[in-house]
Every structure is written in C-alpha cells, then in structure tokens.
Amino acid sequence: MFSKKKFIIIASIILLIAIGLGIAITTTKKIPKQVKRNKPLQQADLIQTLETDKAFYHPNDPVSFSLKLADNVANGRLIVSYFHLNEEIGQQEIKVDSNVVKWTWNPPTDDYKGYLVRVKSEEDEETIGVDVSSDWSKFPRYGFLSSFPDMPLEERKGAISFLNRHHINGIQFYDWHYKHHQPLKMENNEPASHWEDIANRPTTFETIRSYLDLAHKRNMKTMAYNLLYGAFAEAENDGVQTEWRLFKDQQRNAQDFHPLPDNWKSDVFLVNPGNLQWQDYLFNQQKMVYNALPFDGWHIDQLGPRGNVYDANGNTVTLDETFLSFLDRAKSSMPDKSIVMNAVNQYGQRQIGSTPVDFLYTEVWDDFKYYQDLKRIIDDNKQFSSGKNSVLAAYMNYNASNQPGEFNPAGILLANSVIFASGGSHLELGEHMLSKEYFPHHNLNMSPALQESMENYYDFLVAYENLLRDGVEDASVSIDGEHFSTEPELGKIWSFAKQKDSQKVLHLINFVDAASLEWRDTDGNQAEPQEQKELAIQLEESRPVKKIWMASPDKGQSVPISVSFEQKDGKISFTLPSLKYWDMVVLEYGE
C-alpha cells in the first residue's frame with residue numbers, strides 16, 4: 001500500500017514523473033477477460049465459459065449457473081455432477097437448445113461447505129467451485145478495487161464479474177476516500193459528487209456507489225479502506241487537535257509523519273490511536289461514511305513499527321498496545337459492521353488477533369521472505385485468534401513490475417500453492433493483479449495461461465475449503481525417499497500434513513526445479529517446475545486406512561480421483577500419477 005516506506009523510497013520518483021506526465025500506470029484498467037481453460041488436445045473447445053451468479057451462497061440459497069458454448073452448438077445434452085470433497089452427491093442432465101445454457105441447483109442446507117461442479121459433454125468438460133456459508137469471514141477470499149473516476153458502467157460490471165469468477169467474497173475499496181481524517185467529502189451537509197484522493201486522482205461518488213451495488217448483488221462484502229491514525233497536515237482545520245498527534249520527541253518539536261510525493265495532497269501525519277478523543281472523532285467520521293455509502297465494514301491499515309513515539313505529554317506510546325482499545329471500541333461503536341486490520345509484517349498481530357476482527361490479515365515483507373515463512377504466518381495467526389483464517393497481502397514480481405510486462409506464472413502459482421495449502425488466502429486480484437503496495441500500480445498483466453490457472457486455483461480453494469481451512473490441525477508425516485523434505489528445499493518436494501477428524505491431508509509442493517525459495521519472485525525468474533510423473537510414495541502410517549484419494553488445481557480441473565494403495569508393516573505405499581505445482585492427497589482412516 002502507498003503507506004509503506006519501501007515502496008515510497010523506491011517508487012516516489014517514478015510516481016512523480018508518471019503523475020506529472022499523465023502516464024496511465026495508476027489509472028488504466030485492463031480487466032482480464034474470461035478465457036478458455038486448457039484442455040487435452042483431443043477435446044474440442046465446446047464449453048467456452050462457466051459462471052455462477054454469486055461469490056458465495058447462504059444456506060438454502062439456490063445457485064444459478066450460466067454456461068456459454070461454442071457458437072455452432074444448437075442442441076445436445078450436458079451431464080452436471082456435484083461433488084463434496086471426493087463424493088459425488090448429485091447429478092442432473094441439462095438439455096441444450098442454444099449456445100447459452102442456464103440452470104439452478106439447490107445445494108445441501110449444511111453451512112460452511114465447499115462443492116465442485118463438473119459439466120460434461122461428449123467432447124468437453126468444465127468445473128467451478130461453490131461456497132455455501134452464512135458468514136464470509138469463515139473462508140475469506142479477499143480482493144480489491146483501487147480506481148473510482150467516472151467510468152462506463154460496463155467497465156465496473158466487468159471488474160466485479162472478474163472477481164466473482166474467482167469467488168472473491170470481500171472487496172477492499174482502496175484509496176477511495178477524500179482525506180484520511182475526513183474520508184467522505186461533504187458539501188452543504190451532503191456527500192460531494194466528486195473529489196480527489198490523496199494522490200489527486202479523480203474520484204466519483206457515483207462510481208463508488210455503483211461498485212457497492214454491483215458487489216452486493218454478487219453477495220460480496222465491501223470494506224472501506226482507511227488508516228487508524230492518519231491525518232493530513234492541515235487537519236486542525238477539520239477538528240483534529242494537535243494534542244492528539246504523535247511526536248518523535250518528548251518536547252513536541254517533531255510530529256511523526258510518513259512522507260509522500262510532493263504533488264500529492266499531504267504527507268500522512270500520525271495521531272495517537274489510543275487517544276479516546278481521536279477514536280471518537282474518527283468513529284464519527286466512519287459513521288458518516290456508512291450513512292452515505294452502504295459499505296459492510298472498515299479495512300483498517302497501519303504503517304508498522306514507528307520507532308520511539310510520544311504523545312503530547314511526552315509519554316512513550318507503544319503503538320501495538322493501542323490496537324486492542326481502538327478495535328474493541330470501533331466494534332462496539334459500529335457493531336453491525338465488519339472490521340479487518342492489517343498487521344504489517346505481523347506488527348501487532350497478537351493484539352489484533354484477540355479483538356473482534358473478522359479474520360486476520362498480514363501484509364508480508366522481507367522479514368518473512370521465504371515460502372516457509374508464509375506457512376508460519378498463517379499458523380501463528382490461527383494461534384493468535386483462536387482459529388480464525390488468514391489473508392496475506394503478498395505482492396508478487398515486485399521489481400519486475402517497475403517496467404511493463406507480464407507476471408511470471410511459476411512464481412504466482414508456487415506462492416499460491418503454499419498459501420492455499422497452508423490454510424490461507426492471497427490478496428492479489430482486483431481490476432488487475434497486485435505487484436506493489438500502492439494498489440493502483442499496474443505494469444504487469446496476466447497471460448491467458450495464468451488466467452486459466454488462477455480460475456483453477458480459486459475453484460480448488462473453494463471446492464476443498466473444508467480440508468484446507470476448516471478446523472484442520474498440523475499433523476506429522478514421514479515420507480521415505482531423498483526426493484522429499486519436511487520444509488521447502490531446492491531440488492526437493494516439500495511435504496506437510498494436516499489432520500481433520502478421520503482424515504489426514506497430505507500436501508506436496510514441487511520445488512525440484514525451483515530457482516529460489518523466496519516467495520516474492522521479485523524479478524520474475526522463478527523456474528516452472530517439470531511435471532513429476534508416476535511418483536512412488538511410501539510413508540509411515542500405523543492407523544488402518546480405508547481409502548486414499550487426491551485432487552490438484554493443476555490437472556483434471558480439480559476433480560477428485562481414487563488412488564490405489566497398499567498398507568503393510570506400518571507403511572502406506574501408493575503411486576501419485578503426477579505432480580506439477582501442488583497435489584493434495586487425502587488418507588481416510590477406517591473404523
């Protein structure tokens with residue numbers, strides 16, 4: 001995000017030039033079009049797209065599907081199969097009389113369940129995930145919007161449709177606001193129709209309102225971004241007291257502030273988030289936002305550690321210790337609204353985890369730069385919050401995005417494999433894919449192949465949410481063979497396991513050909529893994545196993561397949577058909 005010092009140091013000059021010249025890196029929106037997924041060569045491209053009408057569904061809600069076929073298709077039939085994990089729970093036949101086919105399905109009424117839906121013709125097949133949950137925060141899949149000028153309605157619809165296809169059930173509205181201390185611009189006691197954000201980009205009330213309406217029709221939750229302690233230089237003119245601010249010295253000679261480019265509206269000056277008068281001031285501002293715009297909650301940002309800071313009386317302020325009071329009072333002041341707070345590099349996460357946030361959110365920087373660190377953050381967050389799930393803001397191909405180009409699929413998919421397998425989700429999708437903490441930055445695009453893979457990965461995240469992030473616990477696993485390791489290692493397959501009820505979930509992530517173990521793939525040179533085929537696996541397992549099955553976002557469109565195995569002398573032996581990036585193998589124990 002713009003408020004993080006690393007990006008400002010590296011990119012402020014670039015931004016100054018870009019803004020001054022009107023270069024569109026901060027405003028141009030190239031919403032990826034839905035593309036045809038890869039199919040085996042012998043299959044025809046009969047099925048063009050498959051969509052659901054919402055990002056997630058409440059129990060008892062019907063699911064509406066829309067499928068587009070090739071233009072020359074006039075009649076035929078489709079077989080639709082519905083899976084929960086490895087069990088096919090239903091099937092129906094759909095008659096085709098045009099190239100656009102629509103139907104509905106009533107899932108089981110169980111809450112917090114993920115499903116995979118497969119549509120087959122004689123020549124082709126396609127799959128999509130369905131999440132049935134009464135609360136979005138159980139399985140958060142977080143996206144963003146970052147540009148709100150006057151724009152065509154179709155462009156707004158396209159952005160929301162793209163997020164919906166990836167089952168994004170919550171949207172962070174980034175830098176939509178007028179000022180940090182006065183997020184909604186008012187004129188004559190009414191919301192203004194237009195204003196400029198902190199970077200002096202044009203912002204339109206109607207665009208924001210339209211996006212909110214479009215998101216809500218898709219059952220997406222909407223979150224208004226703002227800092228918990230940000231104020232502009234002249235904030236005293238709007239009622240912010242100097243005595244509320246934070247200082248770098250006990251004599252109040254130097255206010256703590258975060259520098260921004262010269263042609264932006266203001267630097268960001270810090271206010272003491274533990275000051276009750278400031279809290280009341282900002283909460284009232286947030287209530288004004290809710291009165292004018294139907295946001296579902298507040299995405300609260302911070303800047304991370306600030307060194308030694310003091311209040312107006314010269315007392316030391318330990319910032320992370322103020323988060324508990326701020327968040328508790330924010331929730332009690334606005335009890336019907338969601339709250340999510342960013343823990344920059346885990347700063348304050350232990351305190352945040354004990355507050356009524358919907359889920360835990362971590363912006364990951366170089367203190368946690370390895371794949372193993374991503375899993376560790378998710379594990380720690382679960383402990384801090386008594387089991388809540390996590391979203392990681394982890395910006396990919398960071399240096400590569402200093403110039404126009406494309407994302408490196410290998411880096412993206414390896415990072416997502418680790419995050420998803422560990423039980424988290426990845427903030428990365430909006431009008432474009434993220435590469436910097438300043439969300440409007442957009443130099444890299446997704447290739448059609450990466451777009452196809454991303455649909456598969458998010459379908460997988462939804463379909464198998466009950467084994468990925470639904471009360472699973474770490475479990476031990478020991479696989480024989482020099483090709484496997486219990487932590488990420490170059491030239492090896494990383495294996496770790498989770499346990500739930502009578503199931504052990506084994507995750508296998510392919511680092512055999514990896515060029516680096518740093519997840520950011522900052523220069524975009526992570527190597528694509530070669531597919532491992534007929535992989536013999538033997539692992540220690542003393543409990544009787546009645547069934548083994550597997551699924552992968554990299555093959556078979558995530559459909560589960562049975563795996564033959566042998567159990568003898570405390571060991572299980574089986575052959576994995578293939579491994580590209582990530583396979584999930586499930587052992588089901590007998591009675």
# chains A, B, ... in the order shown; residues from 1 in each chain; ligands from 1
>>> residues_around(residues="region 351-366 of chain A", least_positions_apart="3", cutoff="6 Å", atoms="only C-alpha atoms", output="list of chain:residue names")
A:Ser137, A:Leu324, A:Ile339, A:Val340, A:Asn342, A:Ala343, A:Val344, A:Asn345, A:Gly348, A:Lys369, A:Phe384, A:Ser385, A:Lys388, A:Asn389, A:Ser390, A:Val391, A:Leu392, A:Ala393, A:Ala394
>>> write_last_selection(atoms="C-alpha atoms", output="PDB file, in the first residue's frame")
ATOM      1  CA  SER A 137     -15.250 -14.430   7.186  1.00  0.00           C
ATOM      2  CA  LEU A 324      -6.796  -3.553  21.288  1.00  0.00           C
ATOM      3  CA  ILE A 339     -13.598  -4.965  10.858  1.00  0.00           C
ATOM      4  CA  VAL A 340     -10.335  -6.188   9.345  1.00  0.00           C
ATOM      5  CA  ASN A 342      -3.620  -5.064   8.514  1.00  0.00           C
ATOM      6  CA  ALA A 343      -0.672  -6.341  10.550  1.00  0.00           C
ATOM      7  CA  VAL A 344       2.355  -5.078   8.633  1.00  0.00           C
ATOM      8  CA  ASN A 345       4.953  -7.836   8.876  1.00  0.00           C
ATOM      9  CA  GLY A 348       0.607  -6.056  16.462  1.00  0.00           C
ATOM     10  CA  LYS A 369      10.649 -13.696   2.572  1.00  0.00           C
ATOM     11  CA  PHE A 384      -3.289 -15.638  17.950  1.00  0.00           C
ATOM     12  CA  SER A 385      -7.003 -15.609  17.070  1.00  0.00           C
ATOM     13  CA  LYS A 388      -9.576 -17.572  12.589  1.00  0.00           C
ATOM     14  CA  ASN A 389      -8.450 -17.795   8.991  1.00  0.00           C
ATOM     15  CA  SER A 390      -5.915 -15.523   7.276  1.00  0.00           C
ATOM     16  CA  VAL A 391      -5.475 -13.421   4.183  1.00  0.00           C
ATOM     17  CA  LEU A 392      -1.951 -12.492   3.105  1.00  0.00           C
ATOM     18  CA  ALA A 393      -1.200  -9.323   1.154  1.00  0.00           C
ATOM     19  CA  ALA A 394       1.916 -10.622  -0.563  1.00  0.00           C
TER      20      ALA A 394
END
>>> residues_around(residues="region 321-323 of chain A", least_positions_apart="6", cutoff="10 Å", atoms="only C-alpha atoms", output="list in words")
Leu228, Asn272, Pro273, Gly274, Asn275, Gln302, Arg329, Met341, Gly348, Gln349, Arg350, Gln351, Ile352 and Thr355 of chain A
>>> atom_distance(atom1="CA of His507 (chain A)", atom2="CA of Gly430 (chain A)")
28.1 Å
>>> residues_around(residues="region 510-521 of chain A", least_positions_apart="6", cutoff="10 Å", atoms="only C-alpha atoms", output="PyMOL selection string")
chain A and resi 364-366+368-374+394-400+407-408+410-412+414-418+435+483-485+488-495+527-532+579-583
>>> select_by_dssp(residues="region 137-224 of chain A", states="helix (DSSP H, G or I)", output="PyMOL selection string")
chain A and resi 137-138+153-165+205-217
>>> closest_residue(among="A:Gln526, A:Thr242, A:Glu588, A:Phe439", to="Lys500 (chain A)", atoms="only C-alpha atoms")
A:Glu588
